[in-house]
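What follows is a set of notes on a single structure, which appears directly below.
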Amino acid sequence: MTVFAISDLHMPAHEKPMDIFGPQWENHVARIADDWKANVTDDDIVLLPGDLTWAMQLEAALEDIRFVGGLPGRKIILRGNHDYWWSAIGRVRRSLPEGMYALQNDYIVLDDIVFAGSRGWTIPMGEDADPNDVKIYTRERMRLEMSLKGAREKYPDAKLVTMMHYPPLTDTAEGFSDILEAYNVDHCVYGHLHGAALYGAIKGLRGRVRYHQVSCDGLGFKLYRLNLEQQDEEVSVDHQSLCGAEEG
């Protein structure tokens, strides 16, 4: 069993083709699917931390959900800031095909690995931070902690992988990282960033947590393979030269 991750598929759902953001996005869903089918088996797990589809309503999102559900492997999805179709969690879960799971402020266990997480939010900076951002950020910290606390109380020694949509930290702000450290998270995968915003994305080991930035354009529209046993690599900041839209 291998764990893969890829975020921000922004599937068209006949709503908003992504090639308007640059030629690198042309035919991106088919390219992702080709790589997926070439590398993922039915025993594998694929993490999809947010912005799956541009659809505005669940009914409109079903075509994209079923397309992803028909690809190999077991899938865990998380809500992103553009997943407006994501309504009540019970309704979302009832709509998912077999082998596809929705994570929302809670956790799931597959093959003795615990997957937990929450959407997150923009990290407020300084006294001039938008009060609404501060309010949502504070709420999202509580939701993340609720997810991780539940996971660790039931599975104190298990491998713990956290999914977030927004970056959990930056090179200048610790953000959610104190919560991840407190609950002994092993790996954190996140998306949201695109193009030029991938400058400065945190990757690698910081403290005890290993961070993985998995926005699909930053991966060249290929799935990212998590090495769950990787040890002792220092944290890095991604200064790869990229262009295009900044945040998804």
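Naming scheme: A, B, ... for chains in displayed order of the structure tokens; residues 1 onward per chain; ligands 1 onward as shown.
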Tell me, counting only C-alpha atoms, for each residue of region 16-124 of chain A within 6 Å of region 161-171 of chain A, which pair of atoms is nearest and how far apart they are in Å to one decimal, in rows ordered by chain and increasing number, as a Markdown table.
```
| residue | atom | partner | partner_atom | distance |
| --- | --- | --- | --- | --- |
| A:Pro49 | CA | A:His165 | CA | 5.3 |
| A:Gly50 | CA | A:His165 | CA | 5.4 |
| A:Gly80 | CA | A:His165 | CA | 5.5 |
| A:Phe115 | CA | A:Val161 | CA | 4.9 |
| A:Ala116 | CA | A:Thr162 | CA | 4.8 |
| A:Gly117 | CA | A:Met163 | CA | 4.8 |
| A:Ser118 | CA | A:Met164 | CA | 5.4 |
| A:Arg119 | CA | A:His165 | CA | 4.9 |
| A:Gly120 | CA | A:Tyr166 | CA | 5.3 |
| A:Trp121 | CA | A:Tyr166 | CA | 5.5 |
```
Convert the current residue selection to file output with N, CA, C and O atoms, as a CSV table (one decimal), in the first residue's frame.
```csv
chain,number,residue,atom,x,y,z
A,49,PRO,N,-6.7,17.1,-0.6
A,49,PRO,CA,-7.0,18.1,0.4
A,49,PRO,C,-7.6,19.4,-0.2
A,49,PRO,O,-7.0,20.5,0.0
A,50,GLY,N,-8.7,19.3,-0.8
A,50,GLY,CA,-9.5,20.5,-1.1
A,50,GLY,C,-9.5,21.0,-2.6
A,50,GLY,O,-8.6,20.7,-3.4
A,80,GLY,N,-12.1,22.5,0.5
A,80,GLY,CA,-11.3,23.6,0.2
A,80,GLY,C,-12.1,24.9,0.2
A,80,GLY,O,-13.3,24.8,0.3
A,115,PHE,N,-5.8,9.2,9.5
A,115,PHE,CA,-5.9,10.4,8.7
A,115,PHE,C,-6.9,11.4,9.3
A,115,PHE,O,-8.0,11.0,9.5
A,116,ALA,N,-6.4,12.6,9.7
A,116,ALA,CA,-7.2,13.6,10.4
A,116,ALA,C,-7.1,14.9,9.7
A,116,ALA,O,-6.2,15.1,8.8
A,117,GLY,N,-7.8,15.9,10.1
A,117,GLY,CA,-7.6,17.2,9.6
A,117,GLY,C,-8.8,18.1,9.5
A,117,GLY,O,-9.9,17.8,9.8
A,118,SER,N,-8.5,19.3,9.0
A,118,SER,CA,-9.5,20.4,8.9
A,118,SER,C,-9.0,21.3,7.8
A,118,SER,O,-7.9,21.3,7.4
A,119,ARG,N,-9.9,22.2,7.3
A,119,ARG,CA,-9.6,23.0,6.2
A,119,ARG,C,-8.5,24.0,6.5
A,119,ARG,O,-7.7,24.3,5.7
A,120,GLY,N,-8.5,24.6,7.7
A,120,GLY,CA,-7.6,25.7,8.0
A,120,GLY,C,-8.1,27.0,7.5
A,120,GLY,O,-9.2,27.2,7.0
A,121,TRP,N,-7.2,28.0,7.5
A,121,TRP,CA,-7.5,29.4,7.0
A,121,TRP,C,-6.3,30.2,6.8
A,121,TRP,O,-5.2,29.8,7.3
```
So that I can see what lies close to Lys37 (chain A), please list as a VMD selection string the residues with an atom at most 10 Å from it, counting only C-alpha atoms and leaving out residues fewer than 3 positions away in the same chain. chain A and resid 32 to 34 40 to 42 71 to 73
Dump of all heavy atoms for the selected residues, as a PDB file, in the first residue's frame:
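Saved the output as part_29.pdb:
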```pdb
ATOM      1  N   ILE A  32      -3.664  14.395 -15.161  1.00  0.00           N
ATOM      2  CA  ILE A  32      -3.650  13.839 -13.813  1.00  0.00           C
ATOM      3  C   ILE A  32      -4.181  12.405 -13.833  1.00  0.00           C
ATOM      4  O   ILE A  32      -3.602  11.500 -13.227  1.00  0.00           O
ATOM      5  CB  ILE A  32      -4.487  14.712 -12.865  1.00  0.00           C
ATOM      6  CG1 ILE A  32      -3.800  16.070 -12.636  1.00  0.00           C
ATOM      7  CG2 ILE A  32      -4.719  14.002 -11.529  1.00  0.00           C
ATOM      8  CD1 ILE A  32      -4.670  17.080 -11.912  1.00  0.00           C
ATOM      9  N   ALA A  33      -5.277  12.193 -14.545  1.00  0.00           N
ATOM     10  CA  ALA A  33      -5.877  10.862 -14.587  1.00  0.00           C
ATOM     11  C   ALA A  33      -4.933   9.845 -15.217  1.00  0.00           C
ATOM     12  O   ALA A  33      -4.846   8.694 -14.759  1.00  0.00           O
ATOM     13  CB  ALA A  33      -7.202  10.912 -15.348  1.00  0.00           C
ATOM     14  N   ASP A  34      -4.228  10.240 -16.268  1.00  0.00           N
ATOM     15  CA  ASP A  34      -3.282   9.322 -16.917  1.00  0.00           C
ATOM     16  C   ASP A  34      -2.181   8.906 -15.944  1.00  0.00           C
ATOM     17  O   ASP A  34      -1.819   7.725 -15.852  1.00  0.00           O
ATOM     18  CB  ASP A  34      -2.671   9.974 -18.156  1.00  0.00           C
ATOM     19  CG  ASP A  34      -3.648  10.063 -19.323  1.00  0.00           C
ATOM     20  OD1 ASP A  34      -4.698   9.385 -19.274  1.00  0.00           O
ATOM     21  OD2 ASP A  34      -3.363  10.823 -20.260  1.00  0.00           O
ATOM     22  N   VAL A  40      -1.230   4.217  -9.492  1.00  0.00           N
ATOM     23  CA  VAL A  40      -2.011   3.897  -8.303  1.00  0.00           C
ATOM     24  C   VAL A  40      -2.718   2.557  -8.485  1.00  0.00           C
ATOM     25  O   VAL A  40      -3.311   2.295  -9.541  1.00  0.00           O
ATOM     26  CB  VAL A  40      -3.043   5.009  -8.014  1.00  0.00           C
ATOM     27  CG1 VAL A  40      -3.874   4.665  -6.778  1.00  0.00           C
ATOM     28  CG2 VAL A  40      -2.340   6.350  -7.824  1.00  0.00           C
ATOM     29  N   THR A  41      -2.672   1.723  -7.466  1.00  0.00           N
ATOM     30  CA  THR A  41      -3.406   0.466  -7.461  1.00  0.00           C
ATOM     31  C   THR A  41      -4.620   0.588  -6.556  1.00  0.00           C
ATOM     32  O   THR A  41      -4.754   1.547  -5.774  1.00  0.00           O
ATOM     33  CB  THR A  41      -2.517  -0.698  -6.979  1.00  0.00           C
ATOM     34  OG1 THR A  41      -2.330  -0.572  -5.548  1.00  0.00           O
ATOM     35  CG2 THR A  41      -1.160  -0.689  -7.662  1.00  0.00           C
ATOM     36  N   ASP A  42      -5.482  -0.401  -6.599  1.00  0.00           N
ATOM     37  CA  ASP A  42      -6.689  -0.358  -5.783  1.00  0.00           C
ATOM     38  C   ASP A  42      -6.398  -0.446  -4.291  1.00  0.00           C
ATOM     39  O   ASP A  42      -7.243  -0.080  -3.470  1.00  0.00           O
ATOM     40  CB  ASP A  42      -7.639  -1.484  -6.190  1.00  0.00           C
ATOM     41  CG  ASP A  42      -8.302  -1.228  -7.537  1.00  0.00           C
ATOM     42  OD1 ASP A  42      -8.399  -0.054  -7.929  1.00  0.00           O
ATOM     43  OD2 ASP A  42      -8.730  -2.202  -8.188  1.00  0.00           O
ATOM     44  N   LEU A  71     -11.390   6.249 -10.430  1.00  0.00           N
ATOM     45  CA  LEU A  71      -9.951   6.041 -10.584  1.00  0.00           C
ATOM     46  C   LEU A  71      -9.466   5.029  -9.536  1.00  0.00           C
ATOM     47  O   LEU A  71     -10.124   4.816  -8.526  1.00  0.00           O
ATOM     48  CB  LEU A  71      -9.216   7.368 -10.430  1.00  0.00           C
ATOM     49  CG  LEU A  71      -9.490   8.399 -11.530  1.00  0.00           C
ATOM     50  CD1 LEU A  71      -8.912   9.767 -11.148  1.00  0.00           C
ATOM     51  CD2 LEU A  71      -8.934   7.945 -12.873  1.00  0.00           C
ATOM     52  N   PRO A  72      -8.305   4.411  -9.753  1.00  0.00           N
ATOM     53  CA  PRO A  72      -7.836   3.391  -8.807  1.00  0.00           C
ATOM     54  C   PRO A  72      -7.585   3.962  -7.406  1.00  0.00           C
ATOM     55  O   PRO A  72      -7.314   5.147  -7.231  1.00  0.00           O
ATOM     56  CB  PRO A  72      -6.521   2.909  -9.434  1.00  0.00           C
ATOM     57  CG  PRO A  72      -6.616   3.265 -10.877  1.00  0.00           C
ATOM     58  CD  PRO A  72      -7.422   4.533 -10.927  1.00  0.00           C
ATOM     59  N   GLY A  73      -7.646   3.088  -6.419  1.00  0.00           N
ATOM     60  CA  GLY A  73      -7.294   3.447  -5.056  1.00  0.00           C
ATOM     61  C   GLY A  73      -8.471   3.918  -4.223  1.00  0.00           C
ATOM     62  O   GLY A  73      -9.568   4.165  -4.723  1.00  0.00           O
TER      63      GLY A  73
END
```
Could you pull out all residues of region 5-248 of chain A with a DSSP call of strand (DSSP E) and give them as a count of residues only? 50
Find, counting only C-alpha atoms, the residue in A:Arg66, A:Lys222, A:His82, A:Lys149 that gets nearest to Pro97 (chain A).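 Under the stated criterion, the closest residue is A:Arg66.
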Those of region 78-207 of chain A in DSSP alpha helix (DSSP H), formatted as a ChimeraX atom specification: /A:89-95,131-154,177-182
Non-local contacts of Ile6 (chain A) (9 Å; only C-alpha atoms; under 5 positions in same chain excluded) as a list in words: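 Within the cut-off, the hits are Val46, Leu47, Leu48, Pro49, Val189, Tyr190, Gly191, Gln213, Val214, Ser215, Cys216, Leu219, Phe221, Lys222, Leu223 and Tyr224 of chain A.
Taking only C-alpha atoms into account, Met142 (chain A) lies nearest to A:Asp106 out of the set A:Asp44, A:Thr172, A:Asn184, A:Asp106.
Nearest-residue note for Asn27 (chain A): choosing from A:Ile65, A:Ile136, A:Leu160, A:Leu9, the minimum distance belongs to A:Leu9, counting only C-alpha atoms.
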Compare A:Ser7, A:Glu174, A:Tyr137, A:Glu181 by their minimum atom-to-atom distance to Gly218 (chain A), counting only C-alpha atoms, and give me the closest one.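 Of A:Ser7, A:Glu174, A:Tyr137, A:Glu181, the one nearest Gly218 (chain A), counting only C-alpha atoms, is A:Ser7.
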